[in-house]
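Asks: structure.txt is reproduced below (compact mmCIF, C-alpha atoms).
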# COMPACT_ATOMS: atom_id res chain seq x y z
CA MET T 1 -27.37 -2.08 -11.62
CA SER T 2 -24.17 -3.55 -10.34
CA PRO T 3 -21.04 -5.07 -11.82
CA ALA T 4 -20.82 -8.78 -12.52
CA TRP T 5 -18.16 -11.23 -13.61
CA PRO T 6 -17.54 -10.72 -17.32
CA GLU T 7 -18.80 -13.13 -19.89
CA PRO T 8 -16.14 -14.96 -21.88
CA ALA T 9 -14.35 -12.67 -24.33
CA SER T 10 -15.42 -9.50 -22.54
CA LEU T 11 -13.87 -6.96 -20.20
CA LEU T 12 -14.82 -5.48 -16.83
CA THR T 13 -12.78 -2.69 -15.27
CA LEU T 14 -12.85 -1.89 -11.56
CA ILE T 15 -11.35 1.07 -9.75
CA THR T 16 -10.64 0.08 -6.18
CA SER T 17 -9.16 1.75 -3.17
CA VAL T 18 -5.99 0.42 -1.58
CA ARG T 19 -8.19 -0.92 1.19
CA THR T 20 -10.22 -3.13 -1.10
CA ARG T 21 -9.51 -6.82 -0.73
CA ARG T 22 -10.07 -9.73 -3.09
CA SER T 23 -12.89 -11.04 -0.95
CA GLU T 24 -14.67 -7.70 -1.28
CA ILE T 25 -14.27 -7.72 -5.04
CA GLU T 26 -15.66 -11.24 -5.19
CA ALA T 27 -18.55 -10.23 -2.96
CA ALA T 28 -19.36 -7.24 -5.16
CA LEU T 29 -19.29 -9.27 -8.36
CA GLY T 30 -21.57 -11.98 -7.05
CA PRO T 31 -21.34 -15.73 -7.48
CA ALA T 32 -18.51 -16.99 -9.58
CA PRO T 33 -19.37 -18.23 -13.08
CA ALA T 34 -20.19 -21.91 -12.81
CA ALA T 35 -18.12 -22.93 -15.77
CA GLY T 36 -15.18 -20.69 -15.06
CA VAL T 37 -12.11 -20.85 -12.88
CA ILE T 38 -11.26 -17.43 -11.55
CA THR T 39 -7.55 -16.80 -11.67
CA TRP T 40 -5.83 -13.82 -10.17
CA VAL T 41 -2.67 -12.28 -11.48
CA ALA T 42 -1.16 -10.46 -8.56
CA SER T 43 0.36 -7.04 -8.86
CA GLN T 44 3.39 -7.78 -6.77
CA PRO T 45 6.24 -8.92 -8.99
CA THR T 46 7.64 -10.62 -5.94
CA GLY T 47 4.49 -12.03 -4.44
CA ALA T 48 3.75 -15.59 -3.48
CA ASP T 49 2.24 -16.36 -6.89
CA ASP T 50 5.40 -15.21 -8.52
CA VAL T 51 7.64 -17.28 -6.29
CA LEU T 52 5.51 -20.29 -7.08
CA LEU T 53 5.76 -19.50 -10.75
CA GLY T 54 9.54 -19.28 -10.54
CA HIS T 55 9.64 -22.54 -8.70
CA GLN T 56 7.63 -24.21 -11.42
CA LEU T 57 9.90 -22.79 -14.07
CA GLY T 58 13.12 -23.93 -12.58
CA PRO T 59 16.35 -22.03 -13.09
CA ARG T 60 15.90 -21.23 -16.77
CA ILE T 61 12.93 -20.44 -18.94
CA GLU T 62 14.26 -22.68 -21.70
CA ARG T 63 13.55 -25.70 -19.49
CA ILE T 64 9.87 -25.30 -20.27
CA GLN T 65 9.11 -27.64 -23.06
CA GLY T 66 6.55 -28.41 -25.72
CA THR T 67 3.13 -26.89 -25.89
CA THR T 68 3.46 -25.15 -22.55
CA ARG T 69 6.50 -23.28 -23.76
CA ALA T 70 4.79 -22.46 -27.03
CA ALA T 71 1.77 -21.14 -25.17
CA TRP T 72 3.98 -19.03 -22.97
CA LEU T 73 5.78 -17.45 -25.85
CA GLU T 74 2.56 -16.84 -27.69
CA VAL T 75 1.11 -14.89 -24.78
CA VAL T 76 4.37 -13.32 -23.70
CA PRO T 77 6.45 -12.75 -26.81
CA GLU T 78 8.77 -10.66 -24.67
CA LEU T 79 10.13 -13.92 -23.29
CA THR T 80 11.39 -15.09 -26.68
CA THR T 81 14.65 -13.27 -26.20
CA ARG T 82 14.94 -14.32 -22.58
CA LEU T 83 14.99 -18.07 -22.86
CA GLN T 84 18.60 -18.34 -21.81
CA HIS T 85 18.14 -16.10 -18.80
CA PRO T 86 17.62 -17.20 -15.22
CA TRP T 87 14.09 -16.58 -14.04
CA GLN T 88 15.37 -14.05 -11.55
CA GLN T 89 16.50 -11.72 -14.30
CA LEU T 90 13.03 -11.17 -15.67
CA GLY T 91 11.73 -7.66 -15.31
CA ALA T 92 8.47 -6.71 -13.62
CA SER T 93 6.48 -6.60 -16.87
CA GLU T 94 7.82 -9.96 -18.01
CA ARG T 95 6.94 -11.52 -14.69
CA TYR T 96 3.48 -10.06 -14.75
CA LEU T 97 2.87 -11.30 -18.27
CA ALA T 98 4.26 -14.69 -17.31
CA GLY T 99 1.65 -14.79 -14.58
CA VAL T 100 -1.03 -14.13 -17.18
CA ALA T 101 0.33 -16.93 -19.33
CA ARG T 102 0.15 -19.28 -16.39
CA CYS T 103 -3.52 -18.43 -15.92
CA LEU T 104 -4.20 -19.11 -19.57
CA ILE T 105 -2.44 -22.45 -19.47
CA ALA T 106 -4.50 -23.33 -16.42
CA GLY T 107 -7.60 -22.50 -18.42
CA GLY T 108 -8.62 -19.71 -16.10
CA THR T 109 -11.54 -17.51 -17.01
CA PRO T 110 -12.37 -14.95 -15.80
CA CYS T 111 -8.80 -13.78 -15.37
CA VAL T 112 -8.41 -10.93 -12.87
CA LEU T 113 -5.51 -8.60 -13.56
CA GLU T 114 -4.69 -6.91 -10.28
CA LEU T 115 -2.94 -3.56 -10.63
CA PRO T 116 -1.35 -4.26 -14.00
CA GLY T 117 -0.08 -0.68 -13.91
CA THR T 118 2.68 -1.79 -11.59
CA ALA T 119 4.23 -3.57 -14.54
CA LEU T 120 2.59 -2.51 -17.81
CA ASP T 121 1.92 0.76 -19.56
CA GLY T 122 -1.39 1.57 -21.17
CA ALA T 123 -0.45 0.37 -24.64
CA ARG T 124 0.80 -3.03 -23.44
CA LEU T 125 -2.19 -3.47 -21.18
CA LYS T 126 -4.55 -2.65 -24.03
CA ALA T 127 -2.81 -5.20 -26.26
CA LEU T 128 -2.89 -7.82 -23.52
CA VAL T 129 -6.59 -7.34 -22.87
CA ALA T 130 -7.31 -7.56 -26.59
CA ASP T 131 -5.27 -10.75 -26.80
CA LEU T 132 -7.01 -12.35 -23.84
CA THR T 133 -10.51 -11.48 -24.93
CA ALA T 134 -9.73 -12.70 -28.45
CA ARG T 135 -8.88 -16.02 -26.86
CA GLY T 136 -12.29 -16.10 -25.23
CA VAL T 137 -11.17 -15.15 -21.76
CA GLY T 138 -13.30 -12.89 -19.59
CA VAL T 139 -10.98 -10.23 -18.15
CA VAL T 140 -11.32 -8.13 -15.01
CA VAL T 141 -8.85 -5.26 -14.70
CA VAL T 142 -8.47 -3.89 -11.17
CA GLU T 143 -6.64 -0.59 -11.21
CA ARG T 144 -6.52 2.89 -9.79
CA ARG T 145 -4.44 4.62 -12.44
CA LEU T 146 -7.12 6.49 -14.31
CA ARG T 147 -5.16 7.28 -17.48
CA LEU T 148 -4.28 3.61 -17.79
CA LEU T 149 -7.93 2.71 -17.53
CA GLN T 150 -8.86 5.30 -20.11
CA ALA T 151 -6.64 3.43 -22.56
CA LEU T 152 -8.99 0.48 -22.25
CA ALA T 153 -11.90 2.62 -23.46
CA THR T 154 -14.55 0.91 -21.38
CA PRO T 155 -16.72 2.17 -18.51
CA SER T 156 -15.33 1.46 -15.04
CA TRP T 157 -17.04 0.56 -11.81
CA LEU T 158 -15.87 2.09 -8.55
CA LEU T 159 -15.48 -0.28 -5.64
CA ASP T 160 -14.43 0.58 -2.11
CA ARG T 161 -14.84 -2.24 0.37
CA THR T 162 -18.59 -2.85 0.31
CA MET T 163 -19.60 0.23 -1.65
CA VAL T 164 -20.05 0.09 -5.40
CA ALA T 165 -20.78 2.92 -7.81
CA GLY T 166 -20.82 3.51 -11.50
CA PRO T 167 -20.17 2.70 -14.20
CA VAL T 168 -18.19 5.77 -15.22
CA PRO T 169 -17.48 6.35 -18.91
CA PRO T 170 -13.76 6.47 -19.67
CA GLU T 171 -13.89 10.03 -20.94
CA SER T 172 -15.29 11.14 -17.56
CA LEU T 173 -12.83 9.34 -15.34
CA LEU T 174 -10.41 12.20 -14.85
CA ASP T 175 -13.23 14.58 -13.95
CA HIS T 176 -15.01 12.21 -11.62
CA ALA T 177 -14.58 13.12 -7.95
CA ASP T 178 -15.01 9.61 -6.61
CA ALA T 179 -12.70 8.06 -9.20
CA TRP T 180 -10.16 10.75 -8.43
CA SER T 181 -10.51 10.05 -4.73
CA LEU T 182 -9.87 6.32 -5.14
CA CYS T 183 -6.91 7.01 -7.39
CA PHE T 184 -5.26 9.19 -4.76
CA GLY T 185 -5.91 6.90 -1.85
CA GLY T 186 -9.24 8.28 -0.69
CA THR T 187 -12.55 6.51 -0.37
CA LEU T 188 -15.89 6.60 -2.09
CA ALA T 189 -18.02 9.47 -0.88
CA THR T 190 -20.98 8.33 -2.94
CA ARG T 191 -23.35 5.95 -1.28
CA GLY T 192 -26.75 4.90 -2.42
CA GLU T 193 -29.30 2.18 -2.68
CA GLU T 194 -27.97 -0.99 -4.17
CA GLY T 195 -24.55 0.56 -4.16
CA VAL T 196 -25.15 2.79 -7.17
CA GLY T 197 -23.92 6.31 -6.76
CA GLY T 198 -25.66 9.47 -7.68
CA PHE T 199 -23.63 10.67 -10.58
CA GLY T 200 -25.71 10.10 -13.63
CA PRO T 201 -27.23 7.18 -15.41
CA PRO T 202 -25.18 4.08 -16.10
CA THR T 203 -23.54 4.11 -19.47
CA THR T 204 -23.22 1.03 -21.59
CA PRO T 205 -20.02 0.28 -23.50
CA GLY T 206 -19.93 2.10 -26.81
CA MET K 1 18.00 23.89 7.92
CA ALA K 2 18.21 21.54 10.91
CA GLU K 3 20.47 18.52 10.93
CA PRO K 4 18.57 15.37 9.91
CA ILE K 5 17.97 12.89 12.70
CA LEU K 6 17.40 10.05 10.23
CA ARG K 7 19.21 9.71 6.93
CA ILE K 8 18.12 7.00 4.54
CA GLU K 9 20.71 6.69 1.80
CA GLY K 10 20.18 4.51 -1.26
CA LEU K 11 18.06 1.95 0.54
CA GLY K 12 17.28 -1.15 -1.46
CA CYS K 13 15.61 -4.38 -0.52
CA GLN K 14 14.72 -7.53 -2.32
CA ASN K 15 12.12 -10.22 -2.01
CA GLY K 16 13.71 -13.33 -3.39
CA ALA K 17 15.64 -12.26 -6.43
CA ALA K 18 13.58 -9.25 -7.40
CA ALA K 19 14.17 -5.77 -6.04
CA THR K 20 11.24 -4.13 -4.29
CA LEU K 21 12.98 -0.91 -3.25
CA HIS K 22 15.53 0.82 -5.42
CA GLY K 23 17.87 3.43 -3.96
CA VAL K 24 15.39 5.13 -1.65
CA SER K 25 16.90 8.22 -0.01
CA LEU K 26 15.18 10.47 2.52
CA ARG K 27 16.20 12.81 5.31
CA LEU K 28 14.03 13.50 8.32
CA GLU K 29 14.52 16.41 10.68
CA PRO K 30 13.31 16.64 14.27
CA GLY K 31 9.91 18.22 14.67
CA THR K 32 8.87 17.77 11.06
CA LEU K 33 6.10 15.76 9.48
CA THR K 34 7.06 14.17 6.18
CA ALA K 35 4.63 12.06 4.18
CA LEU K 36 5.42 9.05 2.06
CA ILE K 37 2.70 8.36 -0.49
CA GLY K 38 2.38 6.16 -3.53
CA PRO K 39 -0.09 4.30 -5.70
CA ASP K 40 0.83 0.79 -4.61
CA ASP K 41 0.66 -0.88 -1.27
CA THR K 42 3.58 -3.23 -1.88
CA ASP K 43 6.13 -0.45 -2.10
CA LYS K 44 4.93 1.25 1.06
CA GLN K 45 4.81 -2.03 2.96
CA ALA K 46 8.36 -2.83 1.87
CA LEU K 47 9.64 0.53 3.10
CA ALA K 48 7.85 0.26 6.45
CA ASP K 49 9.14 -3.27 7.00
CA THR K 50 12.68 -2.36 6.01
CA LEU K 51 12.78 0.68 8.31
CA ALA K 52 11.37 -1.39 11.17
CA GLY K 53 14.03 -4.06 10.66
CA ARG K 54 11.42 -6.67 9.86
CA ARG K 55 12.85 -7.09 6.38
CA PRO K 56 16.57 -6.92 5.59
CA SER K 57 17.91 -4.18 3.38
CA HIS K 58 20.31 -5.36 0.71
CA ARG K 59 21.74 -2.01 -0.19
CA GLY K 60 22.08 1.43 1.28
CA THR K 61 22.56 2.94 4.70
CA LEU K 62 20.40 4.06 7.59
CA LEU K 63 21.93 6.65 9.89
CA LEU K 64 20.07 7.56 13.06
CA ASP K 65 21.49 10.64 14.74
CA GLY K 66 24.66 10.10 12.74
CA ARG K 67 25.15 6.48 13.77
CA PRO K 68 24.62 3.55 11.41
CA ILE K 69 21.71 1.29 12.27
CA THR K 70 21.46 -0.55 8.97
CA ARG K 71 22.51 -3.87 10.44
CA LEU K 72 20.51 -3.59 13.64
CA GLY K 73 17.46 -5.74 14.22
CA ALA K 74 13.99 -4.51 15.05
CA VAL K 75 14.42 -4.36 18.83
CA ASP K 76 17.75 -2.55 18.69
CA ARG K 77 16.34 0.02 16.30
CA ILE K 78 13.57 0.75 18.77
CA ARG K 79 16.10 1.12 21.55
CA ARG K 80 18.01 3.64 19.44
CA GLY K 81 14.82 5.61 18.92
CA LEU K 82 13.44 4.50 15.52
CA VAL K 83 9.91 3.22 16.04
CA VAL K 84 7.40 2.05 13.43
CA THR K 85 3.76 1.85 14.47
CA THR K 86 2.16 -1.56 14.55
CA ASP K 87 -1.12 -2.51 12.94
CA PRO K 88 -3.97 -0.92 14.91
CA ALA K 89 -5.80 -4.25 14.64
CA THR K 90 -3.10 -5.95 16.70
CA GLN K 91 -4.64 -7.46 19.81
CA VAL K 92 -3.00 -6.45 23.08
CA PRO K 93 -3.77 -8.93 25.86
CA ALA K 94 -4.30 -6.45 28.66
CA GLU K 95 -7.23 -5.64 30.89
CA ARG K 96 -6.60 -1.92 31.04
CA LEU K 97 -5.05 0.58 28.65
CA ILE K 98 -3.17 2.24 31.48
CA GLU K 99 -1.43 -0.97 32.51
CA ALA K 100 -0.58 -1.88 28.95
CA THR K 101 0.92 1.57 28.46
CA VAL K 102 3.10 1.21 31.55
CA VAL K 103 4.37 -2.11 30.20
CA ALA K 104 4.98 -0.62 26.76
CA MET K 105 6.96 2.25 28.26
CA ALA K 106 9.35 -0.21 29.87
CA GLY K 107 10.44 -1.26 26.38
CA ARG K 108 11.86 2.12 25.49
CA ALA K 109 15.49 3.09 24.96
CA PRO K 110 17.77 1.69 27.72
CA HIS K 111 18.86 5.00 29.22
CA ARG K 112 15.26 6.08 29.37
CA SER K 113 14.15 2.67 30.60
CA ARG K 114 16.44 2.84 33.65
CA TRP K 115 15.12 6.28 34.40
CA TRP K 116 11.64 4.87 33.94
CA GLN K 117 12.20 1.92 36.28
CA ARG K 118 13.50 4.16 39.06
CA ARG K 119 10.34 6.13 39.11
CA ALA K 120 7.76 5.24 41.70
CA ARG K 121 4.78 3.26 40.48
CA GLY K 122 2.53 6.27 40.97
CA ALA K 123 4.74 8.44 38.81
CA ARG K 124 4.87 5.75 36.12
CA LEU K 125 1.11 5.49 36.11
CA GLU K 126 0.76 9.23 35.84
CA ALA K 127 3.18 9.39 32.89
CA ALA K 128 1.26 6.60 31.16
CA ARG K 129 -2.02 8.35 31.85
CA GLU K 130 -0.64 11.55 30.36
CA LEU K 131 0.32 9.70 27.19
CA ILE K 132 -3.10 8.12 26.93
CA ARG K 133 -4.68 11.54 27.37
CA PHE K 134 -2.41 12.95 24.66
CA VAL K 135 -3.70 10.49 22.08
CA GLY K 136 -7.28 11.19 23.09
CA LEU K 137 -8.07 8.06 25.06
CA GLY K 138 -8.03 9.65 28.52
CA GLU K 139 -11.55 8.64 29.39
CA LEU K 140 -10.87 5.05 28.39
CA ALA K 141 -7.65 4.57 30.38
CA ASP K 142 -9.23 1.91 32.55
CA GLU K 143 -10.91 0.08 29.68
CA ALA K 144 -9.50 -2.98 27.94
CA PRO K 145 -7.76 -2.35 24.59
CA ARG K 146 -10.00 -4.94 22.94
CA THR K 147 -13.04 -2.73 23.58
CA LEU K 148 -11.74 0.17 21.48
CA ASP K 149 -13.50 1.20 18.27
CA PRO K 150 -11.44 1.56 15.05
CA LEU K 151 -10.48 5.17 15.78
CA GLY K 152 -9.58 4.20 19.32
CA ARG K 153 -7.40 1.36 18.06
CA ALA K 154 -5.60 3.76 15.73
CA ARG K 155 -5.00 6.19 18.62
CA TRP K 156 -3.81 3.28 20.74
CA SER K 157 -1.37 2.21 18.00
CA LEU K 158 0.17 5.69 18.16
CA ALA K 159 0.24 5.54 21.96
CA ARG K 160 2.11 2.22 21.92
CA ALA K 161 4.68 3.70 19.57
CA LEU K 162 5.05 6.91 21.61
CA ALA K 163 5.47 4.83 24.77
CA LEU K 164 8.79 3.73 23.31
CA ALA K 165 10.03 7.34 23.34
CA PRO K 166 11.00 7.57 19.68
CA SER K 167 13.14 10.28 18.17
CA VAL K 168 11.89 9.11 14.77
CA LEU K 169 8.37 7.77 14.40
CA VAL K 170 7.20 6.02 11.25
CA VAL K 171 3.41 6.12 11.18
CA ASP K 172 2.44 3.22 8.98
CA ARG K 173 -1.07 3.57 7.45
CA VAL K 174 -2.86 3.77 10.78
CA THR K 175 -5.95 5.33 9.20
CA ARG K 176 -7.07 2.18 7.43
CA GLY K 177 -10.67 1.33 8.07
CA LEU K 178 -11.50 4.83 9.29
CA ASP K 179 -13.98 7.18 7.69
CA ALA K 180 -13.04 10.66 6.51
CA ALA K 181 -13.86 12.40 9.80
CA GLU K 182 -11.91 9.84 11.81
CA ARG K 183 -8.93 10.11 9.47
CA ALA K 184 -8.93 13.88 9.94
CA VAL K 185 -8.78 13.39 13.70
CA LEU K 186 -5.79 11.08 13.30
CA ALA K 187 -4.07 13.58 11.00
CA GLY K 188 -4.34 16.23 13.68
CA LEU K 189 -2.86 13.87 16.23
CA VAL K 190 0.05 12.92 13.98
CA ALA K 191 0.73 16.61 13.38
CA ARG K 192 0.80 17.28 17.12
CA ILE K 193 3.31 14.44 17.58
CA ALA K 194 5.64 16.12 15.11
CA GLN K 195 5.12 19.50 16.74
CA GLY K 196 6.40 17.90 19.95
CA GLY K 197 9.83 17.51 18.37
CA ILE K 198 9.71 14.01 16.95
CA ALA K 199 10.67 13.44 13.32
CA VAL K 200 7.61 11.80 11.80
CA LEU K 201 7.48 9.88 8.53
CA TRP K 202 3.86 9.21 7.74
CA ILE K 203 3.35 6.40 5.25
CA GLU K 204 -0.20 6.92 4.08
CA ASP K 205 -2.60 5.98 1.30
CA ASP K 206 -4.71 9.13 1.35
CA VAL K 207 -2.87 11.89 -0.48
CA GLU K 208 -5.40 14.57 0.34
CA LEU K 209 -5.22 13.79 4.04
CA VAL K 210 -1.46 14.12 4.35
CA GLY K 211 -1.59 17.22 2.19
CA GLU K 212 -3.47 18.93 5.00
CA VAL K 213 -0.75 18.47 7.61
CA ALA K 214 2.61 17.42 6.16
CA GLU K 215 5.35 19.92 5.37
CA ALA K 216 6.71 17.74 2.59
CA ALA K 217 5.90 14.51 0.84
CA PHE K 218 7.69 11.94 -1.25
CA VAL K 219 6.08 9.73 -3.88
CA LEU K 220 7.14 6.10 -3.96
CA ALA K 221 6.31 4.30 -7.20
CA HIS K 222 7.77 1.14 -8.66
CA GLY K 223 10.02 0.97 -5.60
CA ARG K 224 11.64 4.33 -6.25
CA ILE K 225 11.18 7.84 -4.97
CA VAL K 226 9.94 9.52 -8.14
CA ALA K 227 9.05 12.93 -6.72
CA GLY K 228 9.35 14.85 -3.50
CA GLY K 229 9.22 18.25 -1.94
CA PRO K 230 6.86 20.68 -0.27
CA ILE K 231 3.23 19.67 -0.65
CA GLU K 232 2.30 22.80 -2.60
CA VAL K 233 5.07 22.08 -5.11
CA LEU K 234 4.28 18.38 -5.32
CA ALA K 235 0.65 19.14 -6.07
CA HIS K 236 1.77 20.56 -9.43
CA SER K 237 4.33 17.89 -10.21
CA ARG K 238 3.64 16.09 -13.47
CA VAL K 239 5.84 13.21 -12.34
CA ALA K 240 3.84 12.76 -9.15
CA GLU K 241 0.59 12.96 -11.07
CA ALA K 242 1.79 10.37 -13.58
CA ALA K 243 2.69 8.02 -10.73
CA PHE K 244 -0.90 8.04 -9.53
CA LEU K 245 -2.79 8.38 -12.82
CA GLY K 246 -0.55 6.12 -14.88
CA GLU K 247 0.48 6.59 -18.47
CA ALA K 248 -1.85 5.86 -21.35
CA SER K 249 1.03 4.72 -23.56
I'd like the structure from this file rewritten - as structure tokens, please.
Replies:
Amino acid sequence: MSPAWPEPASLLTLITSVRTRRSEIEAALGPAPAAGVITWVASQPTGADDVLLGHQLGPRIERIQGTTRAAWLEVVPELTTRLQHPWQQLGASERYLAGVARCLIAGGTPCVLELPGTALDGARLKALVADLTARGVGVVVVERRLRLLQALATPSWLLDRTMVAGPVPPESLLDHADAWSLCFGGTLATRGEEGVGGFGPPTTPG
Amino acid sequence: MAEPILRIEGLGCQNGAAATLHGVSLRLEPGTLTALIGPDDTDKQALADTLAGRRPSHRGTLLLDGRPITRLGAVDRIRRGLVVTTDPATQVPAERLIEATVVAMAGRAPHRSRWWQRRARGARLEAARELIRFVGLGELADEAPRTLDPLGRARWSLARALALAPSVLVVDRVTRGLDAAERAVLAGLVARIAQGGIAVLWIEDDVELVGEVAEAAFVLAHGRIVAGGPIEVLAHSRVAEAAFLGEAS
């Protein structure tokens, strides 16, 4: 058993080490869904994606017009009170959510949320995932913050470069040595055939 | 308590319009090993780049041995004694480690460089060989850097930094790509560097690893230092734990 890209309207959570790269995540999840466009929402509020996003926006959010603007505000209601503000004044969470909105407008599914914990707390992340899946988007959450992942109440796969293990039920995350190791910057100690670790049978979402 | 050799006061940097570091303050004393850990790579990269002078700081002050270096570029910071390790994967176009080390040593602080240039070639070679031995590459001194395995490249990254005769050494995530046993070897080497009198700031992903050797650690999260202190105290810090585990709500 190994993780795969989520079907539309479903969620996959991955716990990765800081050494894990996008290419390794893609390799672990297998071929991309034929009908989907994988979009990545980067964790860095100041990354290249974000700069591009700001460039597209122009100096003020209110310049976005019509259905695009409506879609933005639907996904990121936080922006409703920020329409008069320069793009640069947006906070980290608003920028992150704006990145999600951009993926939605582009029709991206699955949508990969990289390290949302840099910008969102557990409650907001849970609401965002619910919103996205309700819209039919397949969501991949890539995180290391175990309490944040517990809020999503779904089993998580562990992924460290080419090694894959799991899934780990959310209630076991904080007691799981390998999950703990990844969270604190370590690496997966568990290795096994087909990448599945030796810590109990896979658990299906409840 | 010894006088700090490096004082970082309220350091802030931005990427475009958004802040990536907010008021980071640290003090490093000679002969100590301080760890800088955190859940996100971006923060640690920003701090390493800002200290190295590869990225401008927009706020705050850096004082090296009491003198401001905030506005100095990367090369001048090295000449003053603040050295940040380079990526172990960096290719060094040399045929032999020993020769590359001699060349690297010539880039050290000016007063030391003049002393270095006056030395006879044999003495220079011997000093370079001693440095290579110190990092554990003695038997490979006549090999080409490109032939080194990942652990060897990490050792060589430390050697290149030490060749510049730093008073403050920032060890920037040199253990990447190494397995647990190899990382432990590197930790021992970094500890010995600090024991030699250099103030070492070790920016590292692996919390457990630095916990074995560092006297103190600081946690960088969301661009801020959110916790810091002796390792044994930090291990029980709820703030530090929350930085790594996140908050459910």
Asks: Show me, as a VMD selection string, every residue of chain K with an atom at most 7 Å from chain T, counting all atoms listed in the file.
Replies: chain K and resid 15 17 to 18 41 to 42 205 to 207 222 244 to 249
Asks: Select, from K:Ala187, K:Ser57, K:Ala199, K:Asp43, the residue with the minimum atom-to-atom distance to Glu3 in chain K, counting all atoms listed in the file.
Replies: K:Ala199
Asks: Please indicate the distance in Å from CA of Leu6 in chain K to CA of Arg124 in chain K, rounded to one decimal place.
Replies: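 Rounded to one decimal, the two atoms are 29.1 Å apart.
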Asks: Could you tell me how far CA of Ala127 in chain K sits from CA of Ala52 in chain K, in Å to one decimal place?
Replies: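 So the two atoms, CA of Ala52 in chain K and CA of Ala127 in chain K, lie 25.6 Å apart.
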Asks: What lies within 9 Å of range 94-103 of chain K using all atoms listed in the file, ignoring chain neighbours under 3 positions off, as a list in words?
Replies: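 Those residues are Gln91, Ala106, Gly107, Arg124, Leu125, Ala127, Ala128, Arg129, Leu131, Ile132, Leu137, Leu140, Ala141, Asp142, Glu143, Ala144, Pro145, Arg146, Trp156, Ala159, Arg160 and Ala163 of chain K.
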Asks: Rounded to one decimal, what separation in Å do you get between CA of Glu208 in chain K and CA of Gly53 in chain K?
Replies: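 Distance reported for this atom pair: 28.8 Å.
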Asks: For Leu28 in chain K, find every residue with an atom within 10 Å (counting all atoms listed in the file), except residues of its own chain fewer than 6 positions away, and show them as a count of residues only.
Replies: 14
Asks: Can you pull out every residue within 6 Å of Gly99 in chain T, counting all atoms listed in the file, but drop anything in the same chain fewer than 3 positions away, and send it as a list of chain:residue names?
Replies: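 Contacts, in chain order: T:Val41, T:Tyr96, T:Arg102.
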Asks: Keeping only C-alpha atoms, take the residues you just selected and write them out as a PDB file, in the coordinates of the input.
Replies:
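Output saved as selection15.pdb:
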ATOM      1  CA  VAL T  41      -2.670 -12.280 -11.480  1.00  0.00           C
ATOM      2  CA  TYR T  96       3.480 -10.060 -14.750  1.00  0.00           C
ATOM      3  CA  ARG T 102       0.150 -19.280 -16.390  1.00  0.00           C
TER       4      ARG T 102
END
Asks: Excluding Trp202 in chain K and residues on its chain fewer than 5 positions from it, collect all residues at most 12 Å away from it, counting only C-alpha atoms, and give them as a ChimeraX atom specification.
Replies: /K:28,32-38,44,47-48,83-85,158,168-175,186-187,189-191,193-194,207,209-211,213-219
Asks: Taking the point (12.5, 14.5, -0.9) as given in the file, collect each protein or nucleic acid residue that comes within 6 Å of it, counting all atoms listed in the file, and present the set as an MDAnalysis selection string.
Replies: chainID K and resid 26 218 228:229
